Structures are given as C-alpha cells and as structure tokens.
Amino acid sequence: MSWYWGKKMIKVRIAPSPTGYLHVGTARTAIFNWLLARNQKGKFVLRIEDTDIKRSSQEMTQSIIDSLKWMGLNWDEGPILQCDRLENYKKNAEALIKTKLCDFCYCTEEDLKPRKQAALAEKKSWKCNRPCLSLPSDERQKWIMRPAAVRFFTESDGKVSFMDKLHGELTKDLHDIEDFVLMKSDGTPSYNFACVVDDHEMGITHILRGEDHISNTFKQIIIYKAFGWEPPVFIHVPMILGADRSKLSKRHGAVSVLEYRDKGILPETLVNFLALLGWSPGGDREVLSMEELISEFSLDKLGVTGSIFDYQKLEWMNGEHINRLSDDELLERIKNFSKLPTRILYSGESELRFNNHINSPASQDFSSTLLSEDDEYNKKVIALLKPRMKTLLDMESYFFVEPTEYDEKGAGKYLTQEGKQRLELLKTRLSELTEFSVENIEAVIRAIAGELGIGAGLLIHPLRLALTGKTVGPSLFHLVEVLGKERVMQRIEKTMEWIKPS
RNA sequence: GCCCCUAUCGUCUAGCGGUUAGGACACUACUCUUUCAAGGUAAAAACACGGGUUCAACUCCCGUUGGGGGCGCCA
C-alpha cells in the first residue's frame, strides 16, 4: 500500500481490450482516470484485457498504446497483459472452488442455447440454473472429460449493494443475477473474474468506468465477497452518446482516437473536449490546457447524465487550441502530422470536414501539400492561415502546389477576356515592384482600379482565382505577399494561358 | 420481458431552497471587409409532467412519462 501525505495513495487503471481501435468512450474513461491520478499524485496503470483470444490482436494492442501516447496519457505501470497472468486466475479459481461457491460447469453453448431461447420466448429473464449440476452423479461423470468452465453459484436470496461515488448506494436482488462464468473452458478467465483478481492484486483503489458496467459491478462485488477482499471505490460515469442518444458507435461517425489524430485534431483538443463530456470545472471555463485539466479535476464535479458527442464543438475547440499555439509550435505539429506513418482507414461518412487535401484519406502522404522545404515560407503561411484553421488539414495546398483547376463559378465570372486584360495589367504592374510588400501590393492594385475606374474587387477576384483557384481565402494582399513575386507571376501567366482566346 | 441508471436552451453545461436561470457550440441579424472565415455586437433558445415537503422549489421526496444501459464460456 502506498501513502501520500498521510492519505492512501490513489491507484487507478484503464483496461481496454485489444479487439479494436481505442474508442473515444474508452479514451474519455482513460482521461478521467489519468486526471484523477495526476491530480491526486497517484498511480495510473495500463492493463490490456486480452483474454478474448479470438478477437484480440497484437496490432490493436499497439494501436491502443499509440492512441494513449498520442493523447499524452502516460502510465506508471504496464502495459500488463492479462494473458501473461493466466496461471494467476487459475490459482484463484481453484481456491474459490474449494469454498464450494463455484464449481465446474460442463454445459456447452449448445446445451444452454435452447434453454436461453425458451426463456426469451416466454419473455422471462434468462438464468443459468445449473443444469449440469442437477444431473445424477453418474451422468455428470460422463462429461468429466469435457472442457469445463467454472461457474459461480449466485445465492437466490438477499441483495448485493455497493456505494457508488456518483450514484450513491446501488442495490440489486441476488435473485436477478444469474450463475455467471468465472473461468472459460479454454482456460482464460471471464471479464468479471479477471477484473476482480487483477484490481485486487494490483492494489487498485478507485475503479472509474462507464455506467454500462454497473451490472458487472454487482457480480464483481459478489466475487470480492467470496474471496473476502475489500472492494475498491466505484465511480460509474455516464456514457458518450451519438446524435440519436444511443451508445456512440461507428454509424454515428468517427469513434476511434486515431481517426481524430489523422483528421488534424490536436491531442490537447481531444483530451479537453472529452474531459468536458460528463465533467465540468464549474463556472464558464471551457478551453483548458492539460495542466489546467489536471489541477481542476475533481470527482465531485462529474455529471450523471449521458452526453452527445458534438463534432462541431470539437472543431471549434480545435481552432481555439490551434490559435493558442505559437507559429513555431504549430509548424512542428504540422510537420509531425504530415509525416504520420500510418493512417487508419476510415469507413462510413465523416462528420468532420475535409478540405481539398484529401479524397481518399487512407495512407496518404500530405507532406508536399501541407508544407514546403522552406521553413521561413512555412511560417509565413502559418501566420496567415492560423486564425482561420480548425484542423491541421486546413493548411491550404495552393501555398505549396500550383492550383490545377479554377472554381467553375468564379472562373465563369472573372476569368473572362476582360479578366485576362486585367490580369495582364496586374502582372505588369506587380512585376515592377521592387519591394513586394502588403502595402505596395495594395497600393498598386488600388491604383489600377482607380485608373480603370472600377472597383478593386474586379481586380482582386480574378487575381485570387489565378493564384489559388478558389473564390475564398485570406486577405488577398497578404496572400500575394506570402506567395512571393515569382509564384505570383508564374500563376498569372498560367491563368492567362488557360483563358481561351476569344 | 426482467433489472439498473437518468431528466436545465437543438447540443455541452453552470446552478447545490429565495437568480432577470449564467456561459459555450450551432443558428439568426448587424458590424468589420476584396471574398470566405476569424473578431466584435445583438437576438432567439431550457428547468419533461403530476403530486407532496416548505413561508419559498430548477434545486429535497414520491410517482408518471421520456431517454439510456445491462441481461454471453465478449469485454
């Protein structure tokens, strides 16, 4: 047992199962646990629940580790793999069998299935009522060579209850809890059993997890009691919901942490955003740094109602975090982002915007459309674009590669014969500038407009189109300055060629 | 069907017996402006319902209704 300033040291864990990418729901649970540990100067443990051998994979374990690391959720112990602890569960199960609170169960899935379906058909709740145990001993003897599971015998009278830090005392009739499996017949422990054994042996003091686990907690309390172990403190936090208020899943949009990384969301944004789903520091504060989250975090500010994942608010918050970064820092982030070795393949519709960089987001190398070799140039672009950026993907590619096409509507309006003449004039006069500065550029353009007796817009629009291919973007004068004389001349030339002669 | 949890603007939330019910996202208008954003200003928007308790309920209690979750040799 560890102590800190006379208080029992808090030890928490996150226990994902490597059957898929790290889900934002699991990530949020990890964030709460991590914040609690860091705030209380406790320990944060990473445990991989890989006992479902068929569905678990090493790749997923790695991607979960990558996700956690990306978010900056560092752990003090682990990763501990449950599959490395199989002997341990076996040993504990054997000890428990001696108490007669559980025993081998020879029923197979095929044995149980018809009973289960019958119960369902009668609209009764399903309960495994020990069919193989009610068999005469000679009959049971015949099954003894079958691979057996270990099943716990739940009392039919009485209640189980535990104190939840958020919900208060939670109680359930033992009658409503079925005889559940402790050890599967393949020798691996069931979730509830492994969880209790591990949490106890690792000295976990607080279990903070989603409220979809409440029904598991009742079973786990029963196991703690059977062993005579002291249960930890339980905190069941509400779930993250999709737009239709059901459990957030793939069909609602992006659900894995890495997907957000790959869409240009900053890790501090995702942590900030997720932390605010079901928790609030109180008052009006919303955009918080990791340090602020740690110092503000407290269990009694947790909420009890489920919350919908709002992609739009995530984007807004990402813009806020991007704008809190210095230009140098942002450049670093974009560099790392453009060099991400693997991007996970997305399925389904994305709720997050994609800009012109991607059509097929999988395994694409953005380095050439996000940045140039010249960091001085990159920084100028960043300074110009930063205030309007929502994601890292908002670096406009036209700063780095020539536009290959022009906005159709805009071109129809401005890239006309008249527009061509104006571009010609623009090109000549701009080329005469010795100092290619915002002030000079603006002065030249306004002067031409005056000479021609037209609004400056009639020069600005065709020029923007020529330079970027788009009708919208940052301040044109700044744009021209950042692109530089060489690119500007080249692109005007190219556009003039593009405009068909009359 | 059984069991468990839950209820403040469309969304995330603040509120912890007495408030003009506050903020943020989104939305709308205005402003700024070469465009689109950003910024600024403003507007609109909520205590699910019914009973109690109390001098006083969004706040406490009980129901109803609504929502969510669980009911695997998945985790």
# chains A, B, ... in the order shown; residues from 1 in each chain; ligands from 1

call {"tool": "select_by_dssp", "arguments": {"residues": "segment 210-425 of chain A", "states": "strand (DSSP E)", "output": "list in words"}}
result
Gly210, Val233, Phe234, Ile235, His236, Val237, Ile240, Leu241, Ser307 and Ile308 of chain A

call {"tool": "write_last_selection", "arguments": {"atoms": "N, CA, C and O atoms", "output": "PDB file, in the first residue's frame"}}
result
ATOM      1  N   GLY A 210     -17.317   3.325 -17.320  1.00  0.00           N
ATOM      2  CA  GLY A 210     -18.627   3.685 -17.864  1.00  0.00           C
ATOM      3  C   GLY A 210     -19.750   3.002 -17.107  1.00  0.00           C
ATOM      4  O   GLY A 210     -19.575   1.933 -16.530  1.00  0.00           O
ATOM      5  N   VAL A 233     -13.200   1.679  -4.465  1.00  0.00           N
ATOM      6  CA  VAL A 233     -14.257   2.679  -4.640  1.00  0.00           C
ATOM      7  C   VAL A 233     -14.715   2.631  -6.095  1.00  0.00           C
ATOM      8  O   VAL A 233     -13.882   2.577  -7.001  1.00  0.00           O
ATOM      9  N   PHE A 234     -15.999   2.628  -6.307  1.00  0.00           N
ATOM     10  CA  PHE A 234     -16.517   2.598  -7.678  1.00  0.00           C
ATOM     11  C   PHE A 234     -17.104   3.938  -8.084  1.00  0.00           C
ATOM     12  O   PHE A 234     -17.779   4.592  -7.295  1.00  0.00           O
ATOM     13  N   ILE A 235     -16.818   4.330  -9.308  1.00  0.00           N
ATOM     14  CA  ILE A 235     -17.378   5.552  -9.879  1.00  0.00           C
ATOM     15  C   ILE A 235     -17.849   5.194 -11.280  1.00  0.00           C
ATOM     16  O   ILE A 235     -17.039   4.913 -12.157  1.00  0.00           O
ATOM     17  N   HIS A 236     -19.147   5.169 -11.479  1.00  0.00           N
ATOM     18  CA  HIS A 236     -19.667   4.853 -12.807  1.00  0.00           C
ATOM     19  C   HIS A 236     -20.091   6.129 -13.517  1.00  0.00           C
ATOM     20  O   HIS A 236     -21.081   6.751 -13.152  1.00  0.00           O
ATOM     21  N   VAL A 237     -19.317   6.492 -14.531  1.00  0.00           N
ATOM     22  CA  VAL A 237     -19.607   7.718 -15.255  1.00  0.00           C
ATOM     23  C   VAL A 237     -20.562   7.443 -16.418  1.00  0.00           C
ATOM     24  O   VAL A 237     -20.557   6.352 -16.977  1.00  0.00           O
ATOM     25  N   ILE A 240     -20.980   8.217 -23.426  1.00  0.00           N
ATOM     26  CA  ILE A 240     -20.968   9.172 -24.529  1.00  0.00           C
ATOM     27  C   ILE A 240     -21.944   8.644 -25.576  1.00  0.00           C
ATOM     28  O   ILE A 240     -21.897   7.481 -25.954  1.00  0.00           O
ATOM     29  N   LEU A 241     -22.824   9.521 -26.012  1.00  0.00           N
ATOM     30  CA  LEU A 241     -23.897   9.134 -26.910  1.00  0.00           C
ATOM     31  C   LEU A 241     -23.715   9.703 -28.315  1.00  0.00           C
ATOM     32  O   LEU A 241     -23.058  10.726 -28.491  1.00  0.00           O
ATOM     33  N   SER A 307     -23.951  12.181 -22.489  1.00  0.00           N
ATOM     34  CA  SER A 307     -23.784  13.369 -23.313  1.00  0.00           C
ATOM     35  C   SER A 307     -23.462  13.030 -24.756  1.00  0.00           C
ATOM     36  O   SER A 307     -22.730  12.086 -25.049  1.00  0.00           O
ATOM     37  N   ILE A 308     -24.018  13.817 -25.627  1.00  0.00           N
ATOM     38  CA  ILE A 308     -23.842  13.607 -27.066  1.00  0.00           C
ATOM     39  C   ILE A 308     -22.516  14.200 -27.532  1.00  0.00           C
ATOM     40  O   ILE A 308     -22.142  15.300 -27.134  1.00  0.00           O
TER      41      ILE A 308
END

call {"tool": "residues_around", "arguments": {"residues": "U33 of chain B", "least_positions_apart": "5", "cutoff": "12 Å", "atoms": "only C-alpha atoms (C1' of nucleotides)", "output": "ChimeraX atom specification"}}
result
/A:457,474-476 /B:38-39

call {"tool": "closest_atom_pairs", "arguments": {"of": "chain B", "to": "chain A", "cutoff": "9 Å", "atoms": "only C-alpha atoms (C1' of nucleotides)", "output": "JSON lines"}}
result
{"residue": "B:G1", "atom": "C1'", "partner": "A:Lys123", "partner_atom": "CA", "distance": 4.4}
{"residue": "B:C2", "atom": "C1'", "partner": "A:Ser125", "partner_atom": "CA", "distance": 5.2}
{"residue": "B:C3", "atom": "C1'", "partner": "A:Asp176", "partner_atom": "CA", "distance": 6.7}
{"residue": "B:C4", "atom": "C1'", "partner": "A:Ser215", "partner_atom": "CA", "distance": 6.8}
{"residue": "B:C5", "atom": "C1'", "partner": "A:Glu211", "partner_atom": "CA", "distance": 7.5}
{"residue": "B:U6", "atom": "C1'", "partner": "A:Thr305", "partner_atom": "CA", "distance": 6.0}
{"residue": "B:A7", "atom": "C1'", "partner": "A:Thr305", "partner_atom": "CA", "distance": 8.0}
{"residue": "B:U11", "atom": "C1'", "partner": "A:Asp310", "partner_atom": "CA", "distance": 6.6}
{"residue": "B:C12", "atom": "C1'", "partner": "A:Leu277", "partner_atom": "CA", "distance": 6.9}
{"residue": "B:U13", "atom": "C1'", "partner": "A:Ser280", "partner_atom": "CA", "distance": 7.4}
{"residue": "B:A14", "atom": "C1'", "partner": "A:Gly283", "partner_atom": "CA", "distance": 5.4}
{"residue": "B:G22", "atom": "C1'", "partner": "A:Asp284", "partner_atom": "CA", "distance": 8.3}
{"residue": "B:G23", "atom": "C1'", "partner": "A:Asp284", "partner_atom": "CA", "distance": 5.0}
{"residue": "B:A24", "atom": "C1'", "partner": "A:Glu286", "partner_atom": "CA", "distance": 7.2}
{"residue": "B:C25", "atom": "C1'", "partner": "A:Lys313", "partner_atom": "CA", "distance": 4.9}
{"residue": "B:A26", "atom": "C1'", "partner": "A:Gln312", "partner_atom": "CA", "distance": 7.5}
{"residue": "B:U34", "atom": "C1'", "partner": "A:Gly457", "partner_atom": "CA", "distance": 4.9}
{"residue": "B:U35", "atom": "C1'", "partner": "A:Val472", "partner_atom": "CA", "distance": 5.0}
{"residue": "B:C36", "atom": "C1'", "partner": "A:Val472", "partner_atom": "CA", "distance": 4.7}
{"residue": "B:A37", "atom": "C1'", "partner": "A:Arg388", "partner_atom": "CA", "distance": 5.7}
{"residue": "B:A38", "atom": "C1'", "partner": "A:Arg388", "partner_atom": "CA", "distance": 5.7}
{"residue": "B:G67", "atom": "C1'", "partner": "A:Arg245", "partner_atom": "CA", "distance": 7.6}
{"residue": "B:G68", "atom": "C1'", "partner": "A:Ser246", "partner_atom": "CA", "distance": 6.8}
{"residue": "B:G69", "atom": "C1'", "partner": "A:Asp212", "partner_atom": "CA", "distance": 5.3}
{"residue": "B:G70", "atom": "C1'", "partner": "A:Ser215", "partner_atom": "CA", "distance": 5.9}
{"residue": "B:C71", "atom": "C1'", "partner": "A:Ser125", "partner_atom": "CA", "distance": 7.2}
{"residue": "B:C73", "atom": "C1'", "partner": "A:Lys184", "partner_atom": "CA", "distance": 4.4}
{"residue": "B:C74", "atom": "C1'", "partner": "A:Asp52", "partner_atom": "CA", "distance": 7.2}
{"residue": "B:A75", "atom": "C1'", "partner": "A:Tyr191", "partner_atom": "CA", "distance": 6.0}

call {"tool": "select_by_dssp", "arguments": {"residues": "segment 375-414 of chain A", "states": "alpha helix (DSSP H)", "output": "ChimeraX atom specification"}}
result
/A:375-385,408-414

call {"tool": "write_last_selection", "arguments": {"atoms": "C-alpha atoms", "output": "CSV table (one decimal), in the first residue's frame"}}
result
chain,number,residue,atom,x,y,z
A,375,ASP,CA,10.5,26.8,-43.1
A,376,GLU,CA,10.6,30.6,-43.4
A,377,TYR,CA,8.0,30.3,-46.0
A,378,ASN,CA,6.0,27.8,-44.0
A,379,LYS,CA,5.9,30.1,-41.1
A,380,LYS,CA,4.6,33.0,-43.2
A,381,VAL,CA,1.9,30.7,-44.4
A,382,ILE,CA,1.1,29.6,-40.9
A,383,ALA,CA,0.9,33.2,-39.6
A,384,LEU,CA,-1.6,33.9,-42.4
A,385,LEU,CA,-3.7,30.8,-42.0
A,408,GLU,CA,-16.1,27.0,-62.0
A,409,LYS,CA,-18.5,29.7,-61.0
A,410,GLY,CA,-15.7,32.1,-60.2
A,411,ALA,CA,-13.9,31.4,-63.4
A,412,GLY,CA,-17.1,32.0,-65.4
A,413,LYS,CA,-17.5,35.3,-63.8
A,414,TYR,CA,-13.9,36.6,-63.6

call {"tool": "closest_residue", "arguments": {"among": "A:Gly42, A:Gly20, A:Gly158, A:Pro403", "to": "Ile64 of chain A", "atoms": "only C-alpha atoms"}}
result
A:Gly20

call {"tool": "residues_around", "arguments": {"residues": "segment 52-66 of chain B", "least_positions_apart": "5", "cutoff": "12 Å", "atoms": "only C-alpha atoms (C1' of nucleotides)", "output": "JSON, numbers by chain"}}
result
{"B": [6, 7, 8, 15, 16, 17, 18, 19, 21, 46, 47]}
